[in-house]
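Okay, run-v2.txt now, which holds compact mmCIF, C-alpha atoms:
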```txt
# COMPACT_ATOMS: atom_id res chain seq x y z
CA MET A 900 0.00 0.00 0.00
CA GLY A 901 1.39 3.38 -1.04
CA LYS A 902 1.41 6.60 0.94
CA LEU A 903 -0.56 8.33 -1.83
CA ASP A 904 -2.94 5.62 -3.01
CA GLY A 905 -5.95 7.10 -4.77
CA LYS A 906 -4.48 10.60 -5.03
CA CYS A 907 -4.33 12.69 -8.19
CA ALA A 908 -1.32 14.92 -8.75
CA PHE A 909 -0.16 17.63 -11.15
CA VAL A 910 3.54 18.41 -11.67
CA THR A 911 4.83 21.28 -13.77
CA GLY A 912 8.07 20.60 -15.61
CA GLY A 913 7.46 16.95 -14.85
CA GLY A 914 9.01 15.38 -17.92
CA ARG A 915 12.68 15.50 -17.04
CA GLY A 916 15.27 16.19 -14.34
CA ILE A 917 13.96 16.99 -10.89
CA GLY A 918 10.41 17.02 -12.22
CA ARG A 919 10.77 13.46 -13.50
CA GLY A 920 12.11 12.38 -10.12
CA ILE A 921 9.07 13.92 -8.44
CA VAL A 922 6.61 12.35 -10.87
CA LEU A 923 8.07 8.87 -10.46
CA ALA A 924 8.20 9.15 -6.66
CA LEU A 925 4.53 10.17 -6.53
CA ALA A 926 3.52 7.36 -8.88
CA ARG A 927 5.46 4.73 -6.92
CA GLU A 928 3.47 5.73 -3.85
CA GLY A 929 0.18 5.22 -5.68
CA ALA A 930 -0.71 8.60 -7.21
CA ASP A 931 -1.92 9.24 -10.74
CA VAL A 932 0.21 12.11 -12.08
CA ALA A 933 -0.50 14.65 -14.81
CA ILE A 934 2.78 15.78 -16.37
CA LEU A 935 2.96 19.36 -17.60
CA TYR A 936 5.71 20.03 -20.11
CA HIS A 937 6.56 23.04 -22.26
CA ARG A 938 8.77 21.89 -25.15
CA SER A 939 10.31 18.51 -24.27
CA ARG A 940 7.44 16.25 -25.32
CA GLU A 941 9.63 13.21 -26.02
CA GLN A 942 11.05 13.29 -22.50
CA ALA A 943 7.60 13.82 -21.03
CA GLU A 944 6.28 10.84 -22.99
CA ALA A 945 9.15 8.68 -21.72
CA THR A 946 8.36 9.65 -18.14
CA ALA A 947 4.67 8.98 -18.71
CA ARG A 948 5.44 5.49 -20.05
CA THR A 949 7.35 4.68 -16.88
CA VAL A 950 4.45 5.88 -14.74
CA ARG A 951 2.01 3.73 -16.70
CA GLU A 952 4.27 0.73 -16.25
CA LEU A 953 3.76 1.28 -12.52
CA GLY A 954 0.01 0.96 -13.08
CA ARG A 955 -0.82 4.64 -12.67
CA ARG A 956 -2.37 7.15 -15.05
CA ALA A 957 -0.07 9.81 -16.55
CA PRO A 958 -1.82 12.28 -18.86
CA LEU A 959 0.39 14.82 -20.62
CA VAL A 960 -0.54 18.49 -20.75
CA GLN A 961 1.41 21.15 -22.64
CA ALA A 962 1.71 24.71 -21.40
CA ASP A 963 4.12 27.57 -20.79
CA VAL A 964 3.88 28.29 -17.06
CA ALA A 965 4.76 31.93 -17.76
CA ASP A 966 1.34 32.29 -19.41
CA ALA A 967 -1.53 32.40 -16.89
CA GLU A 968 -4.19 31.38 -19.40
CA GLN A 969 -2.20 28.35 -20.53
CA VAL A 970 -1.74 27.25 -16.92
CA GLU A 971 -5.46 27.60 -16.21
CA ARG A 972 -6.23 25.48 -19.28
CA ALA A 973 -3.68 22.82 -18.31
CA VAL A 974 -5.13 22.51 -14.81
CA ALA A 975 -8.67 22.30 -16.18
CA GLU A 976 -7.57 19.54 -18.58
CA THR A 977 -5.93 17.68 -15.72
CA VAL A 978 -9.02 17.77 -13.53
CA ALA A 979 -11.23 16.74 -16.43
CA THR A 980 -8.98 13.75 -17.14
CA LEU A 981 -8.13 12.59 -13.62
CA GLY A 982 -11.42 13.63 -12.02
CA ALA A 983 -9.84 15.46 -9.10
CA LEU A 984 -6.69 17.18 -7.88
CA ASP A 985 -5.14 16.36 -4.50
CA ILE A 986 -1.47 17.30 -4.98
CA ALA A 987 0.11 20.06 -7.05
CA VAL A 988 3.85 20.58 -7.46
CA ALA A 989 5.11 23.85 -8.97
CA ASN A 990 8.48 22.68 -10.23
CA ALA A 991 9.03 24.17 -13.71
CA GLY A 992 11.95 26.57 -13.93
CA VAL A 993 14.80 27.91 -15.99
CA ALA A 994 18.36 28.89 -15.12
CA SER A 995 19.62 32.43 -15.58
CA ARG A 996 22.65 33.25 -17.71
CA PRO A 997 25.52 34.44 -15.48
CA ALA A 998 25.83 38.22 -15.36
CA THR A 999 26.26 40.90 -12.71
CA VAL A 1000 23.32 43.19 -12.08
CA ARG A 1001 25.18 46.02 -13.85
CA GLU A 1002 25.60 43.88 -16.97
CA LEU A 1003 22.30 42.00 -16.91
CA PRO A 1004 20.03 42.62 -19.92
CA LEU A 1005 16.54 43.62 -18.86
CA ALA A 1006 15.09 40.95 -21.16
CA GLU A 1007 17.01 38.25 -19.25
CA TRP A 1008 15.67 39.50 -15.92
CA ARG A 1009 12.12 39.35 -17.24
CA ARG A 1010 12.62 35.97 -18.95
CA VAL A 1011 13.74 34.24 -15.78
CA LEU A 1012 11.21 35.84 -13.43
CA ALA A 1013 8.39 35.08 -15.87
CA THR A 1014 9.01 31.34 -15.54
CA ASP A 1015 10.55 31.04 -12.07
CA LEU A 1016 8.29 33.41 -10.11
CA ASP A 1017 5.24 34.21 -12.25
CA GLY A 1018 5.00 30.52 -13.14
CA PRO A 1019 4.62 29.27 -9.55
CA PHE A 1020 2.18 32.12 -8.83
CA PHE A 1021 0.04 31.26 -11.85
CA THR A 1022 0.18 27.58 -10.93
CA ALA A 1023 -0.94 28.27 -7.37
CA ARG A 1024 -3.85 30.44 -8.53
CA ALA A 1025 -5.03 27.74 -10.91
CA VAL A 1026 -4.79 24.75 -8.57
CA LEU A 1027 -5.91 26.21 -5.24
CA PRO A 1028 -9.68 26.07 -5.88
CA HIS A 1029 -9.35 22.35 -6.60
CA LEU A 1030 -7.04 21.72 -3.65
CA VAL A 1031 -9.45 23.48 -1.31
CA THR A 1032 -12.23 21.16 -2.48
CA ARG A 1033 -10.08 18.12 -1.68
CA ARG A 1034 -8.17 19.56 1.32
CA GLY A 1035 -5.08 18.87 -0.74
CA THR A 1036 -1.43 19.83 -0.77
CA LEU A 1037 0.66 22.32 -2.73
CA VAL A 1038 4.45 21.94 -2.94
CA PHE A 1039 6.74 24.54 -4.51
CA ILE A 1040 10.28 23.81 -5.66
CA SER A 1041 12.74 26.64 -5.04
CA SER A 1042 16.52 26.43 -4.45
CA ILE A 1043 19.13 27.00 -1.77
CA GLY A 1044 20.36 29.61 -4.25
CA ALA A 1045 17.88 31.91 -2.51
CA ASP A 1046 20.05 31.55 0.62
CA VAL A 1047 23.48 31.46 -1.03
CA ALA A 1048 22.81 34.49 -3.28
CA ALA A 1049 26.04 34.05 -5.21
CA PRO A 1050 27.25 36.82 -7.55
CA GLY A 1051 25.99 36.70 -11.12
CA GLY A 1052 22.69 34.92 -10.54
CA ALA A 1053 20.29 37.69 -9.50
CA PRO A 1054 17.23 36.72 -11.59
CA TYR A 1055 17.24 33.06 -10.54
CA TYR A 1056 18.03 33.70 -6.87
CA VAL A 1057 15.52 36.52 -6.54
CA ALA A 1058 12.81 34.38 -8.14
CA LYS A 1059 13.52 31.47 -5.80
CA ALA A 1060 13.51 33.75 -2.76
CA GLY A 1061 10.14 34.99 -3.96
CA VAL A 1062 8.87 31.41 -4.15
CA ASN A 1063 9.95 30.86 -0.55
CA VAL A 1064 7.92 33.87 0.58
CA LEU A 1065 4.98 32.91 -1.64
CA THR A 1066 4.94 29.53 0.10
CA LYS A 1067 4.51 31.14 3.50
CA VAL A 1068 1.90 33.66 2.38
CA ILE A 1069 -0.30 31.05 0.71
CA ALA A 1070 0.15 28.62 3.60
CA ARG A 1071 -1.34 31.22 5.93
CA GLU A 1072 -4.13 32.06 3.50
CA VAL A 1073 -5.41 28.50 3.02
CA ALA A 1074 -4.62 26.77 6.30
CA SER A 1075 -8.19 27.24 7.49
CA ASP A 1076 -9.34 25.46 4.32
CA GLY A 1077 -7.33 22.39 5.27
CA VAL A 1078 -4.75 22.92 2.52
CA ARG A 1079 -1.07 22.55 3.37
CA VAL A 1080 1.57 24.49 1.41
CA ASN A 1081 5.30 23.76 1.64
CA CYS A 1082 8.46 24.17 -0.39
CA VAL A 1083 11.45 21.98 -1.18
CA ALA A 1084 14.68 23.90 -1.79
CA PRO A 1085 17.22 21.60 -3.48
CA GLY A 1086 20.94 22.07 -3.52
CA LEU A 1087 23.08 20.74 -6.36
CA VAL A 1088 21.11 17.96 -8.09
CA ARG A 1089 22.18 15.89 -11.10
CA SER A 1090 19.52 17.34 -13.36
CA ASP A 1091 20.20 19.11 -16.65
CA MET A 1092 20.90 22.33 -14.76
CA GLY A 1093 23.08 20.64 -12.16
CA GLU A 1094 25.11 18.75 -14.73
CA ARG A 1095 25.81 22.01 -16.59
CA MET A 1096 27.12 23.50 -13.35
CA LEU A 1097 29.34 20.49 -12.72
CA ARG A 1098 30.77 20.70 -16.23
CA ALA A 1099 31.42 24.42 -15.86
CA VAL A 1100 32.91 24.38 -12.35
CA GLY A 1101 34.12 20.79 -12.00
CA GLU A 1102 33.78 18.15 -9.32
CA ALA A 1103 35.36 20.61 -6.87
CA LEU A 1104 31.82 21.92 -6.53
CA LEU A 1105 31.08 18.82 -4.44
CA GLN A 1106 33.61 19.84 -1.80
CA GLY A 1107 31.11 22.29 -0.34
CA ILE A 1108 28.58 19.52 0.29
CA PRO A 1109 29.17 17.82 3.67
CA LEU A 1110 27.59 14.54 2.55
CA GLY A 1111 30.05 14.46 -0.35
CA ARG A 1112 27.80 14.02 -3.36
CA ALA A 1113 25.32 15.79 -5.57
CA GLY A 1114 21.68 14.97 -5.07
CA GLU A 1115 19.60 12.83 -7.40
CA PRO A 1116 16.12 13.72 -8.70
CA ALA A 1117 14.83 10.83 -6.58
CA ASP A 1118 16.06 12.62 -3.44
CA ILE A 1119 13.82 15.56 -4.23
CA GLY A 1120 10.98 13.23 -5.17
CA ALA A 1121 11.19 11.55 -1.76
CA ALA A 1122 10.94 14.92 -0.01
CA VAL A 1123 7.88 15.87 -2.05
CA VAL A 1124 6.20 12.54 -1.27
CA PHE A 1125 6.75 13.14 2.42
CA LEU A 1126 5.28 16.64 2.32
CA ALA A 1127 2.31 15.46 0.24
CA SER A 1128 1.55 12.52 2.50
CA ASP A 1129 -0.32 12.24 5.78
CA GLU A 1130 3.05 11.85 7.51
CA ALA A 1131 3.40 15.63 7.13
CA SER A 1132 -0.16 16.42 8.21
CA TRP A 1133 1.05 18.99 10.80
CA ILE A 1134 3.56 20.70 8.53
CA THR A 1135 2.77 23.82 6.50
CA GLY A 1136 4.55 27.00 5.46
CA LYS A 1137 7.98 25.36 5.66
CA ILE A 1138 11.04 25.50 3.40
CA LEU A 1139 12.68 22.06 3.39
CA ARG A 1140 16.28 22.36 2.21
CA VAL A 1141 17.39 19.09 0.61
CA ASP A 1142 21.04 19.75 -0.15
CA GLY A 1143 23.39 17.26 1.48
CA GLY A 1144 24.10 19.83 4.21
CA GLN A 1145 25.36 22.51 1.83
CA TRP A 1146 23.38 25.25 3.54
CA MET A 1147 23.16 25.04 7.34
```
Would you write out, as structure tokens, the structure that this file holds?
Amino acid sequence: MGKLDGKCAFVTGGGRGIGRGIVLALAREGADVAILYHRSREQAEATARTVRELGRRAPLVQADVADAEQVERAVAETVATLGALDIAVANAGVASRPATVRELPLAEWRRVLATDLDGPFFTARAVLPHLVTRRGTLVFISSIGADVAAPGGAPYYVAKAGVNVLTKVIAREVASDGVRVNCVAPGLVRSDMGERMLRAVGEALLQGIPLGRAGEPADIGAAVVFLASDEASWITGKILRVDGGQWM
């Protein structure tokens, strides 16, 4: 018996990387999972096949999370297909191109915040009415980058810090409706983004992680399962840093 048997979930950016790890973890615990993707349909289809092999439903929905109307449509399609929505995970995101604030093109600032901050906001607005009906759970994915605030990454780090605050605000707003809202903040994970960082900086990047390794998408998936399950029934408004001890 799984921790999430009979639950219906929706994961943005669920086709690859951390999103794939989250989708598979939810499915292994018994949830049907709608996978929202933007451009990488082949990867989303591959993830969906794996979910179906586990005996769970995995509809695909296409949308750009930076577009509020597209997100509303994707959520409506999900509910129409699955019949309900118990768990929503706002995971989709993009990395920013390294640049100091003085050198940063305005278009790059807007590009990153549109996906990494507007996207979670639009996702929350679209899913909350359904989660209230089911007394469900919303999980955001941010980053310990919001804590580290390294030079050259202002758009990404600012967006993730905003997601952390958004988590707390919404948690307070919907607690009386029985909806829990939490956030997982990963450290270095072997996703597409993490692998690019490792190639650019080298394995020396691992020296700052006390547990001595990069995370795997499955590590983040396990954290999301915990927060979405009844085991976390008295937890809301929290930022769970899953980072091998990198930020203490």
**Item:** Spatial sel., origin (9.8, 25.2, -1.0), limit 6 Å, all atoms listed in the file, listed as a list of chain:residue names
**Value:**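 Residues close enough to count: A:Phe1039, A:Ile1040, A:Ser1041, A:Asn1063, A:Asn1081, A:Cys1082, A:Val1083, A:Ala1084, A:Ile1138.
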**Asked** How many Å separate atom CA of Ala998 of chain A from atom CA of Gly1052 of chain A?
**Response** 6.6 Å
**Prompt:** So which residues touch Asp931 of chain A within 8 Å, counting all atoms listed in the file, skipping near sequence neighbours fewer than 3 positions away, as a PyMOL selection string?
**Reply:** chain A and resi 905-908+925-926+955-957+981
**Message:** Measuring between all atoms listed in the file, which one of A:Trp1146, A:Tyr936, A:Phe1125, A:Phe1020 shows the shortest distance to Gly916 of chain A?
**Reply:**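 Among the listed residues, the smallest separation from Gly916 of chain A belongs to A:Tyr936.
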**Request:** Would you kindly return, as a list of chain:residue names, each protein, DNA or RNA residue with an atom no farther than 9 Å from any atom of segment 938-948 of chain A, considering all atoms listed in the file and excluding same-chain residues fewer than 4 positions away?
**Result:**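 Residues near the query, excluding close chain neighbours: A:Gly912, A:Gly913, A:Gly914, A:Arg915, A:Arg919, A:Val922, A:Leu923, A:Val932, A:Ala933, A:Ile934, A:Glu952, A:Leu953, A:Arg956, A:Ala957, A:Pro958, A:Leu959, A:Gln961, A:Ala962, A:Asp963.
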**Message:** Counting only C-alpha atoms, which residue out of A:Arg1089, A:Arg1079, A:Arg972, A:Arg996 sits closest to Pro1116 of chain A?
**Reply:**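 Checking each of A:Arg1089, A:Arg1079, A:Arg972, A:Arg996 against Pro1116 of chain A, counting only C-alpha atoms, the winner is A:Arg1089.
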**Request:** Using only C-alpha atoms, find the one residue out of A:Ala1013, A:Ala1060, A:Ala987, A:Ala1049 that sits nearest to His1029 of chain A.
**Result:**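 For His1029 of chain A, the nearest of the candidates is A:Ala987.
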